[in-house]
$ cat input_39.txt   # compact mmCIF, C-alpha atoms
# COMPACT_ATOMS: atom_id res chain seq x y z
CA MET A 3 -14.61 -57.57 18.45
CA GLU A 4 -12.15 -59.06 15.99
CA ILE A 5 -11.48 -62.76 15.63
CA SER A 6 -8.42 -64.43 14.21
CA ALA A 7 -8.21 -66.39 10.98
CA ARG A 8 -7.35 -70.05 10.64
CA ARG A 9 -6.36 -71.52 7.28
CA THR A 10 -7.87 -74.55 5.63
CA ILE A 11 -5.63 -76.94 3.68
CA PHE A 12 -7.20 -76.28 0.27
CA LEU A 13 -4.62 -75.25 -2.30
CA SER A 14 -5.12 -74.15 -5.89
CA SER A 15 -3.33 -76.74 -8.02
CA THR A 16 -3.50 -74.72 -11.21
CA ALA A 17 -2.18 -71.31 -10.15
CA LEU A 18 1.56 -70.65 -10.34
CA LEU A 19 2.52 -69.82 -6.75
CA LEU A 20 5.51 -67.54 -6.26
CA CYS A 21 6.59 -67.02 -2.66
CA THR A 22 7.50 -63.36 -2.29
CA ALA A 23 6.95 -60.59 0.22
CA LEU A 24 6.12 -57.85 -2.24
CA THR A 25 2.85 -55.97 -1.91
CA SER A 26 1.27 -54.10 -4.79
CA PRO A 27 -1.93 -53.99 -6.89
CA ALA A 28 -2.89 -56.43 -9.62
CA LEU A 29 -0.68 -56.51 -12.67
CA ALA A 30 -2.10 -57.07 -16.15
CA ALA A 31 0.21 -58.92 -18.53
CA ASP A 32 -0.38 -56.35 -21.27
CA GLY A 33 -0.16 -53.33 -18.98
CA SER A 34 -3.83 -52.40 -19.47
CA PRO A 35 -5.61 -50.59 -16.59
CA ALA A 36 -7.42 -52.70 -14.01
CA PRO A 37 -11.15 -52.33 -13.25
CA SER A 38 -12.10 -49.49 -10.89
CA PRO A 39 -10.71 -50.09 -7.35
CA ALA A 40 -13.97 -48.83 -5.83
CA ALA A 41 -16.06 -51.22 -7.93
CA SER A 42 -13.71 -54.12 -7.17
CA ALA A 43 -13.84 -53.41 -3.43
CA ALA A 44 -17.64 -53.36 -3.49
CA GLU A 45 -17.75 -56.69 -5.35
CA ASP A 46 -15.20 -58.24 -2.97
CA SER A 47 -17.36 -57.36 0.06
CA VAL A 48 -20.29 -59.47 -1.19
CA ILE A 49 -20.83 -62.47 1.11
CA ASN A 50 -21.84 -65.54 -0.89
CA THR A 51 -23.65 -68.62 0.38
CA ALA A 52 -21.33 -71.24 -1.14
CA PRO A 53 -17.72 -71.66 -2.33
CA SER A 54 -16.82 -70.28 -5.76
CA GLU A 55 -17.94 -72.29 -8.78
CA GLU A 56 -15.49 -74.16 -10.96
CA PRO A 57 -15.65 -74.11 -14.79
CA GLU A 58 -18.21 -76.60 -16.06
CA GLU A 59 -15.98 -77.65 -18.96
CA ASN A 60 -12.77 -79.67 -18.91
CA VAL A 61 -10.55 -76.69 -19.70
CA THR A 62 -6.81 -76.55 -20.37
CA ASP A 63 -4.58 -73.98 -18.67
CA VAL A 64 -2.39 -72.05 -21.11
CA PRO A 65 1.28 -71.70 -20.02
CA ASP A 66 3.04 -68.35 -20.50
CA SER A 67 5.23 -69.80 -23.23
CA ALA A 68 2.20 -70.70 -25.38
CA VAL A 69 0.22 -67.44 -25.17
CA ASP A 70 1.72 -65.97 -28.34
CA GLU A 71 2.21 -69.21 -30.26
CA PRO A 72 1.10 -68.56 -33.84
CA ALA A 73 -1.40 -70.82 -35.54
CA VAL A 74 0.12 -73.19 -38.08
CA GLU A 75 -1.01 -73.36 -41.71
CA PRO A 76 -2.03 -76.97 -42.39
CA THR A 77 -0.37 -78.93 -45.18
CA TYR A 78 -2.47 -79.11 -48.33
CA THR A 79 -3.31 -82.57 -49.65
CA GLY A 80 -4.70 -82.51 -53.18
CA LYS A 81 -6.23 -79.06 -53.01
CA PRO A 82 -5.03 -76.53 -55.63
CA GLN A 83 -2.77 -73.86 -54.20
CA PRO A 84 -2.70 -70.26 -55.46
CA GLY A 85 -0.70 -70.09 -58.68
CA ASN A 86 -1.03 -73.77 -59.56
CA THR A 87 -3.91 -73.14 -61.92
CA PRO A 88 -4.49 -70.05 -64.08
CA GLY A 89 -7.38 -68.07 -62.61
CA ALA A 90 -7.41 -70.08 -59.38
CA ALA A 91 -8.89 -68.38 -56.32
CA ASP A 92 -6.31 -66.68 -54.16
CA CYS A 93 -7.15 -65.66 -50.58
CA SER A 94 -3.55 -65.20 -49.47
CA PRO A 95 -2.49 -64.82 -46.78
CA THR A 96 -4.19 -67.54 -44.76
CA THR A 97 -6.49 -66.05 -42.11
CA PHE A 98 -6.79 -67.53 -38.62
CA ILE A 99 -10.09 -66.47 -37.06
CA TYR A 100 -11.65 -66.33 -33.60
CA LYS A 101 -15.12 -64.81 -33.22
CA PRO A 102 -16.67 -64.40 -29.73
CA THR A 103 -20.40 -65.03 -29.56
CA SER A 104 -21.35 -64.53 -25.89
CA GLN A 105 -20.01 -63.27 -22.57
CA GLY A 106 -20.81 -65.09 -19.34
CA LYS A 107 -20.26 -64.43 -15.65
CA GLN A 108 -17.12 -64.19 -13.54
CA TYR A 109 -15.44 -67.27 -12.08
CA HIS A 110 -12.93 -67.01 -9.22
CA ARG A 111 -9.68 -68.97 -9.07
CA GLY A 112 -7.93 -68.87 -5.72
CA VAL A 113 -4.21 -68.32 -5.16
CA GLY A 114 -2.96 -69.93 -1.96
CA ALA A 115 -4.99 -71.37 0.88
CA ALA A 116 -8.58 -70.58 1.75
CA GLN A 117 -9.00 -68.90 5.14
CA GLN A 118 -11.78 -69.14 7.71
CA ASN A 119 -12.90 -67.12 10.74
CA THR A 120 -15.45 -68.64 13.11
CA ASN A 121 -17.51 -66.45 15.45
CA ASP A 122 -18.56 -68.53 18.45
CA THR A 123 -19.99 -65.54 20.31
CA SER A 124 -23.56 -64.21 20.49
CA ARG A 125 -22.73 -60.91 18.79
CA THR A 126 -21.35 -59.81 15.43
CA ALA A 127 -17.55 -59.89 15.15
CA ARG A 128 -15.15 -58.28 12.68
CA SER A 129 -13.07 -60.69 10.58
CA THR A 130 -9.88 -59.66 8.80
CA PHE A 131 -8.20 -61.76 6.12
CA THR A 132 -4.77 -61.17 4.57
CA SER A 133 -3.44 -62.90 1.45
CA GLU A 134 -0.39 -65.03 2.20
CA MET A 135 0.81 -66.02 -1.25
CA THR A 136 1.70 -64.45 -4.59
CA GLY A 137 0.56 -66.24 -7.73
CA GLU A 138 -0.29 -65.81 -11.38
CA VAL A 139 -3.50 -66.93 -13.09
CA GLY A 140 -3.76 -67.13 -16.87
CA VAL A 141 -6.21 -68.16 -19.57
CA SER A 142 -7.95 -71.54 -19.71
CA PHE A 143 -10.02 -72.82 -22.62
CA THR A 144 -11.51 -75.86 -24.27
CA GLY A 145 -11.83 -76.51 -28.00
CA GLU A 146 -9.61 -76.27 -31.07
CA LEU A 147 -8.41 -72.68 -31.19
CA GLU A 148 -7.15 -71.76 -34.67
CA THR A 149 -5.37 -68.57 -33.60
CA SER A 150 -3.06 -67.51 -30.77
CA VAL A 151 -4.40 -67.07 -27.25
CA SER A 152 -3.25 -63.44 -27.18
CA ALA A 153 -5.18 -62.76 -30.41
CA MET A 154 -8.29 -64.33 -28.87
CA VAL A 155 -7.97 -62.13 -25.77
CA THR A 156 -7.53 -59.01 -27.89
CA THR A 157 -10.67 -59.86 -29.89
CA ILE A 158 -12.69 -60.39 -26.68
CA LYS A 159 -11.44 -57.08 -25.28
CA THR A 160 -12.48 -55.22 -28.42
CA LYS A 161 -15.84 -56.96 -28.81
CA TYR A 162 -17.08 -56.46 -25.24
CA SER A 163 -15.02 -53.41 -24.09
CA VAL A 164 -13.73 -55.30 -21.06
CA THR A 165 -10.28 -55.17 -19.48
CA VAL A 166 -9.22 -58.79 -19.82
CA SER A 167 -5.64 -60.00 -20.00
CA THR A 168 -3.61 -63.11 -20.73
CA LYS A 169 -2.42 -63.12 -17.11
CA LEU A 170 -3.01 -61.39 -13.77
CA THR A 171 -0.96 -61.54 -10.58
CA ALA A 172 -2.50 -61.70 -7.10
CA LYS A 173 0.03 -60.56 -4.51
CA ILE A 174 0.80 -61.27 -0.89
CA GLY A 175 -0.31 -58.82 1.80
CA ASN A 176 -3.74 -57.71 0.53
CA SER A 177 -6.33 -57.49 3.34
CA ILE A 178 -10.10 -57.31 3.65
CA SER A 179 -12.36 -56.92 6.72
CA VAL A 180 -16.01 -58.01 6.95
CA ASP A 181 -18.60 -58.74 9.63
CA THR A 182 -19.16 -62.32 10.77
CA PRO A 183 -22.62 -62.97 12.31
CA PRO A 184 -22.99 -64.81 15.64
CA HIS A 185 -22.31 -68.56 15.47
CA LYS A 186 -21.26 -68.36 11.81
CA SER A 187 -18.02 -68.81 9.88
CA THR A 188 -16.74 -66.49 7.17
CA ASN A 189 -14.53 -68.08 4.51
CA ALA A 190 -12.21 -66.17 2.17
CA LYS A 191 -10.04 -66.87 -0.87
CA TYR A 192 -7.81 -64.35 -2.62
CA GLY A 193 -7.15 -64.78 -6.32
CA VAL A 194 -8.28 -63.81 -9.81
CA TYR A 195 -11.75 -63.43 -11.30
CA ARG A 196 -12.00 -64.63 -14.90
CA LEU A 197 -14.72 -63.88 -17.45
CA LYS A 198 -16.28 -66.76 -19.37
CA HIS A 199 -16.71 -66.38 -23.14
CA THR A 200 -17.95 -68.67 -25.87
CA GLY A 201 -16.99 -68.32 -29.49
CA GLN A 202 -15.95 -70.03 -32.71
CA SER A 203 -12.60 -70.45 -34.43
CA TRP A 204 -11.69 -71.46 -37.97
CA ILE A 205 -9.20 -70.96 -40.82
CA VAL A 206 -9.70 -69.40 -44.25
CA HIS A 207 -6.99 -71.05 -46.34
CA ALA A 208 -4.92 -69.37 -49.03
CA ASN A 209 -6.93 -71.20 -51.70
CA CYS A 210 -10.19 -69.75 -50.25
CA THR A 211 -11.41 -72.98 -48.66
CA SER A 212 -12.37 -72.90 -44.98
CA SER A 213 -11.81 -75.33 -42.15
CA PRO A 214 -14.74 -76.49 -40.00
CA LYS A 215 -15.77 -74.04 -37.27
CA HIS A 216 -14.77 -75.13 -33.76
CA ASN A 217 -16.63 -74.12 -30.59
CA ILE A 218 -14.39 -72.44 -27.99
CA VAL A 219 -15.12 -71.82 -24.31
CA SER A 220 -12.55 -69.63 -22.54
CA TYR A 221 -11.91 -68.18 -19.07
CA THR A 222 -9.88 -64.98 -19.26
CA PRO A 223 -8.34 -63.02 -16.32
CA TYR A 224 -10.42 -59.94 -15.52
CA ARG A 225 -9.57 -58.65 -12.04
CA VAL A 226 -7.84 -59.62 -8.80
CA GLY A 227 -9.94 -59.87 -5.67
CA TRP A 228 -11.43 -61.77 -2.75
CA TYR A 229 -14.23 -64.34 -2.83
CA LEU A 230 -16.15 -64.60 0.47
CA TRP A 231 -18.80 -67.03 1.69
CA GLU A 232 -20.51 -67.93 4.96
CA SER A 233 -21.00 -71.36 6.45
$ encode --input "input_39.txt" --output "structure tokens"
Amino acid sequence: MEISARRTIFLSSTALLLCTALTSPALAADGSPAPSPAASAAEDSVINTAPSEEPEENVTDVPDSAVDEPAVEPTYTGKPQPGNTPGAADCSPTTFIYKPTSQGKQYHRGVGAAQQNTNDTSRTARSTFTSEMTGEVGVSFTGELETSVSAMVTTIKTKYSVTVSTKLTAKIGNSISVDTPPHKSTNAKYGVYRLKHTGQSWIVHANCTSSPKHNIVSYTPYRVGWYLWES
């Protein structure tokens, strides 16, 4: 037995929603390969007991136009610059640093409306959900990042050997089918899973002085997929 889906009115306010009828797999902004389809499908089929968690921090979403913005060398006030004094320390060029320190779990951000199937019968029913919107999800972070977002993502990718990107696209038309137990509701959201990382960022100036180290918490697109939960 298969039951039909009805949509809730929850909408993601932070994903860029692009109404289009195209259907295709996830697209990484840098063209890197996505995680294994088999592994992603297995993870998507997990039925959770509650809606997806939101980031604990007050994070800022990074627009496309700011992903590659270079860090800016601060203006010196009273500090000797290279060449001003014979024998002065010279660490040119200025270095903008991000160093990841830990990798956390995945957090899901939905694209489009959540969907729900309710099984009012006394036997298990099959529920099918189909994504109805195309949208992009990018990086979010909190803290004073002293390098570009794309440089931070590259460092994370190298450090932890994970396929993260500055942006992923969840597309219309993707479907998933799962069992709904008797007298239960299955809820589904399609979107992007992002990996949480913590790290530090600072500047080594041309005159060899360093800025204070700033704590950074980031959420970086990892894979496209469904998040399911029962109620």
$ atom_distance --input "input_39.txt" --atom1 "atom CA of Ser54 of chain A" --atom2 "atom CA of Thr222 of chain A"
16.1 Å
$ closest_residue --input "input_39.txt" --among "A:Ser124, A:Ser167, A:Ser129, A:Ser67" --to "Ala153 of chain A" --atoms "all atoms listed in the file"
A:Ser167
$ closest_atom_pairs --input "input_39.txt" --of "segment 148-227 of chain A" --to "segment 94-98 of chain A" --cutoff "9 Å" --atoms "all atoms listed in the file" --output "CSV"
residue,atom,partner,partner_atom,distance
A:Glu148,CA,A:Phe98,CA,5.8
A:Thr149,CA,A:Phe98,CA,5.3
A:Ser150,CA,A:Phe98,CA,8.7
A:Ser203,CA,A:Phe98,CA,7.7
A:Trp204,CA,A:Phe98,CA,6.3
A:Ile205,CA,A:Phe98,CA,4.7
A:Val206,CA,A:Thr97,CA,5.1
A:His207,CA,A:Thr96,CA,4.8
A:Ala208,CA,A:Ser94,CA,4.4
A:Asn209,CA,A:Ser94,CA,7.2
A:Cys210,CA,A:Ser94,CA,8.1
$ closest_residue --input "input_39.txt" --among "A:Val69, A:Thr188, A:Thr182, A:Trp228" --to "Thr51 of chain A" --atoms "all atoms listed in the file"
A:Thr188
$ atom_distance --input "input_39.txt" --atom1 "atom CA of Thr103 of chain A" --atom2 "atom CA of Glu56 of chain A"
21.3 Å
$ residues_around --input "input_39.txt" --residues "Tyr162 of chain A" --least-positions-apart "4" --cutoff "12 Å" --atoms "all atoms listed in the file" --output "CSV table (one decimal) with C-alpha atoms, keeping the file's coordinate frame"
chain,number,residue,atom,x,y,z
A,101,LYS,CA,-15.1,-64.8,-33.2
A,102,PRO,CA,-16.7,-64.4,-29.7
A,103,THR,CA,-20.4,-65.0,-29.6
A,104,SER,CA,-21.4,-64.5,-25.9
A,105,GLN,CA,-20.0,-63.3,-22.6
A,106,GLY,CA,-20.8,-65.1,-19.3
A,155,VAL,CA,-8.0,-62.1,-25.8
A,156,THR,CA,-7.5,-59.0,-27.9
A,157,THR,CA,-10.7,-59.9,-29.9
A,158,ILE,CA,-12.7,-60.4,-26.7
A,166,VAL,CA,-9.2,-58.8,-19.8
A,197,LEU,CA,-14.7,-63.9,-17.4
A,198,LYS,CA,-16.3,-66.8,-19.4
A,199,HIS,CA,-16.7,-66.4,-23.1
$ closest_residue --input "input_39.txt" --among "A:Asn189, A:Ser177, A:Thr168, A:Ser163" --to "Ser142 of chain A" --atoms "all atoms listed in the file"
A:Thr168
$ residues_around --input "input_39.txt" --residues "Phe131 of chain A" --least-positions-apart "4" --cutoff "8 Å" --atoms "all atoms listed in the file" --output "JSON, numbers by chain"
{"A": [7, 117, 177, 178, 179, 190]}
$ closest_residue --input "input_39.txt" --among "A:Ser47, A:Asn60, A:Thr171, A:Thr126" --to "Pro223 of chain A" --atoms "only C-alpha atoms"
A:Thr171
$ residues_around --input "input_39.txt" --residues "Tyr195 of chain A" --least-positions-apart "2" --cutoff "10 Å" --atoms "all atoms listed in the file" --output "number ranges by chain"
A: 107-112, 139, 170, 192-193, 197-198, 221-229
$ atom_distance --input "input_39.txt" --atom1 "atom CA of Pro57 of chain A" --atom2 "atom CA of Lys169 of chain A"
17.4 Å
$ residues_near_point --input "input_39.txt" --point "(-1.2, -68.8, -2.0)" --cutoff "7 Å" --atoms "only C-alpha atoms" --output "number ranges by chain"
A: 19, 113-115, 134-137
$ residues_around --input "input_39.txt" --residues "segment 61-63 of chain A" --least-positions-apart "5" --cutoff "9 Å" --atoms "all atoms listed in the file" --output "list in words"
Thr16, Gly140, Val141, Ser142, Phe143, Thr144, Gly145, Val219, Ser220 and Tyr221 of chain A
$ closest_residue --input "input_39.txt" --among "A:Thr160, A:Ser187, A:Thr165, A:Ser213" --to "Ser233 of chain A" --atoms "all atoms listed in the file"
A:Ser187
$ build_atoms --input "input_39.txt" --residues "segment 170-181 of chain A" --atoms "all heavy atoms" --output "CSV table (one decimal), in the coordinates of the input"
chain,number,residue,atom,x,y,z
A,170,LEU,N,-3.0,-62.3,-14.9
A,170,LEU,CA,-3.0,-61.4,-13.8
A,170,LEU,C,-2.3,-62.0,-12.6
A,170,LEU,O,-2.3,-63.2,-12.4
A,170,LEU,CB,-4.5,-61.0,-13.4
A,170,LEU,CG,-5.2,-60.1,-14.3
A,170,LEU,CD1,-6.7,-59.9,-13.8
A,170,LEU,CD2,-4.5,-58.7,-14.3
A,171,THR,N,-1.7,-61.1,-11.8
A,171,THR,CA,-1.0,-61.5,-10.6
A,171,THR,C,-1.7,-61.1,-9.3
A,171,THR,O,-1.9,-59.9,-9.1
A,171,THR,CB,0.5,-61.0,-10.6
A,171,THR,OG1,1.1,-61.4,-11.8
A,171,THR,CG2,1.3,-61.4,-9.4
A,172,ALA,N,-2.0,-62.0,-8.4
A,172,ALA,CA,-2.5,-61.7,-7.1
A,172,ALA,C,-1.3,-61.7,-6.1
A,172,ALA,O,-0.6,-62.7,-6.1
A,172,ALA,CB,-3.6,-62.7,-6.7
A,173,LYS,N,-1.2,-60.7,-5.3
A,173,LYS,CA,0.0,-60.6,-4.5
A,173,LYS,C,-0.2,-60.7,-3.0
A,173,LYS,O,-1.3,-60.5,-2.5
A,173,LYS,CB,0.7,-59.2,-4.8
A,173,LYS,CG,1.3,-59.2,-6.2
A,173,LYS,CD,2.4,-58.1,-6.3
A,173,LYS,CE,3.2,-58.3,-7.6
A,173,LYS,NZ,4.4,-57.4,-7.6
A,174,ILE,N,0.8,-61.1,-2.3
A,174,ILE,CA,0.8,-61.3,-0.9
A,174,ILE,C,0.5,-59.9,-0.2
A,174,ILE,O,0.9,-58.9,-0.7
A,174,ILE,CB,2.1,-61.9,-0.4
A,174,ILE,CG1,2.1,-62.3,1.0
A,174,ILE,CG2,3.3,-60.9,-0.6
A,174,ILE,CD1,3.3,-63.1,1.5
A,175,GLY,N,-0.2,-60.0,1.0
A,175,GLY,CA,-0.3,-58.8,1.8
A,175,GLY,C,-1.6,-58.0,1.6
A,175,GLY,O,-1.8,-57.1,2.4
A,176,ASN,N,-2.5,-58.4,0.7
A,176,ASN,CA,-3.7,-57.7,0.5
A,176,ASN,C,-4.7,-58.1,1.6
A,176,ASN,O,-4.9,-59.3,1.9
A,176,ASN,CB,-4.3,-58.0,-0.9
A,176,ASN,CG,-5.5,-57.1,-1.2
A,176,ASN,OD1,-6.6,-57.4,-0.7
A,176,ASN,ND2,-5.4,-56.1,-1.9
A,177,SER,N,-5.4,-57.2,2.2
A,177,SER,CA,-6.3,-57.5,3.3
A,177,SER,C,-7.7,-57.0,3.1
A,177,SER,O,-8.0,-56.1,2.3
A,177,SER,CB,-5.8,-56.8,4.6
A,177,SER,OG,-4.6,-57.3,5.0
A,178,ILE,N,-8.7,-57.7,3.7
A,178,ILE,CA,-10.1,-57.3,3.6
A,178,ILE,C,-10.7,-57.6,5.0
A,178,ILE,O,-10.4,-58.6,5.7
A,178,ILE,CB,-10.9,-58.1,2.5
A,178,ILE,CG1,-12.2,-57.5,2.3
A,178,ILE,CG2,-10.9,-59.6,2.8
A,178,ILE,CD1,-13.0,-58.0,1.1
A,179,SER,N,-11.7,-56.7,5.4
A,179,SER,CA,-12.4,-56.9,6.7
A,179,SER,C,-13.9,-56.9,6.5
A,179,SER,O,-14.4,-56.1,5.8
A,179,SER,CB,-12.0,-55.8,7.7
A,179,SER,OG,-10.6,-55.9,8.0
A,180,VAL,N,-14.5,-57.9,7.1
A,180,VAL,CA,-16.0,-58.0,7.0
A,180,VAL,C,-16.6,-58.5,8.3
A,180,VAL,O,-15.9,-59.0,9.2
A,180,VAL,CB,-16.4,-59.0,5.9
A,180,VAL,CG1,-16.0,-58.5,4.5
A,180,VAL,CG2,-15.8,-60.4,6.1
A,181,ASP,N,-17.9,-58.3,8.4
A,181,ASP,CA,-18.6,-58.7,9.6
A,181,ASP,C,-18.9,-60.2,9.5
A,181,ASP,O,-19.4,-60.7,8.5
A,181,ASP,CB,-19.9,-57.9,9.8
A,181,ASP,CG,-19.6,-56.5,10.3
A,181,ASP,OD1,-18.5,-56.2,10.8
A,181,ASP,OD2,-20.5,-55.7,10.0
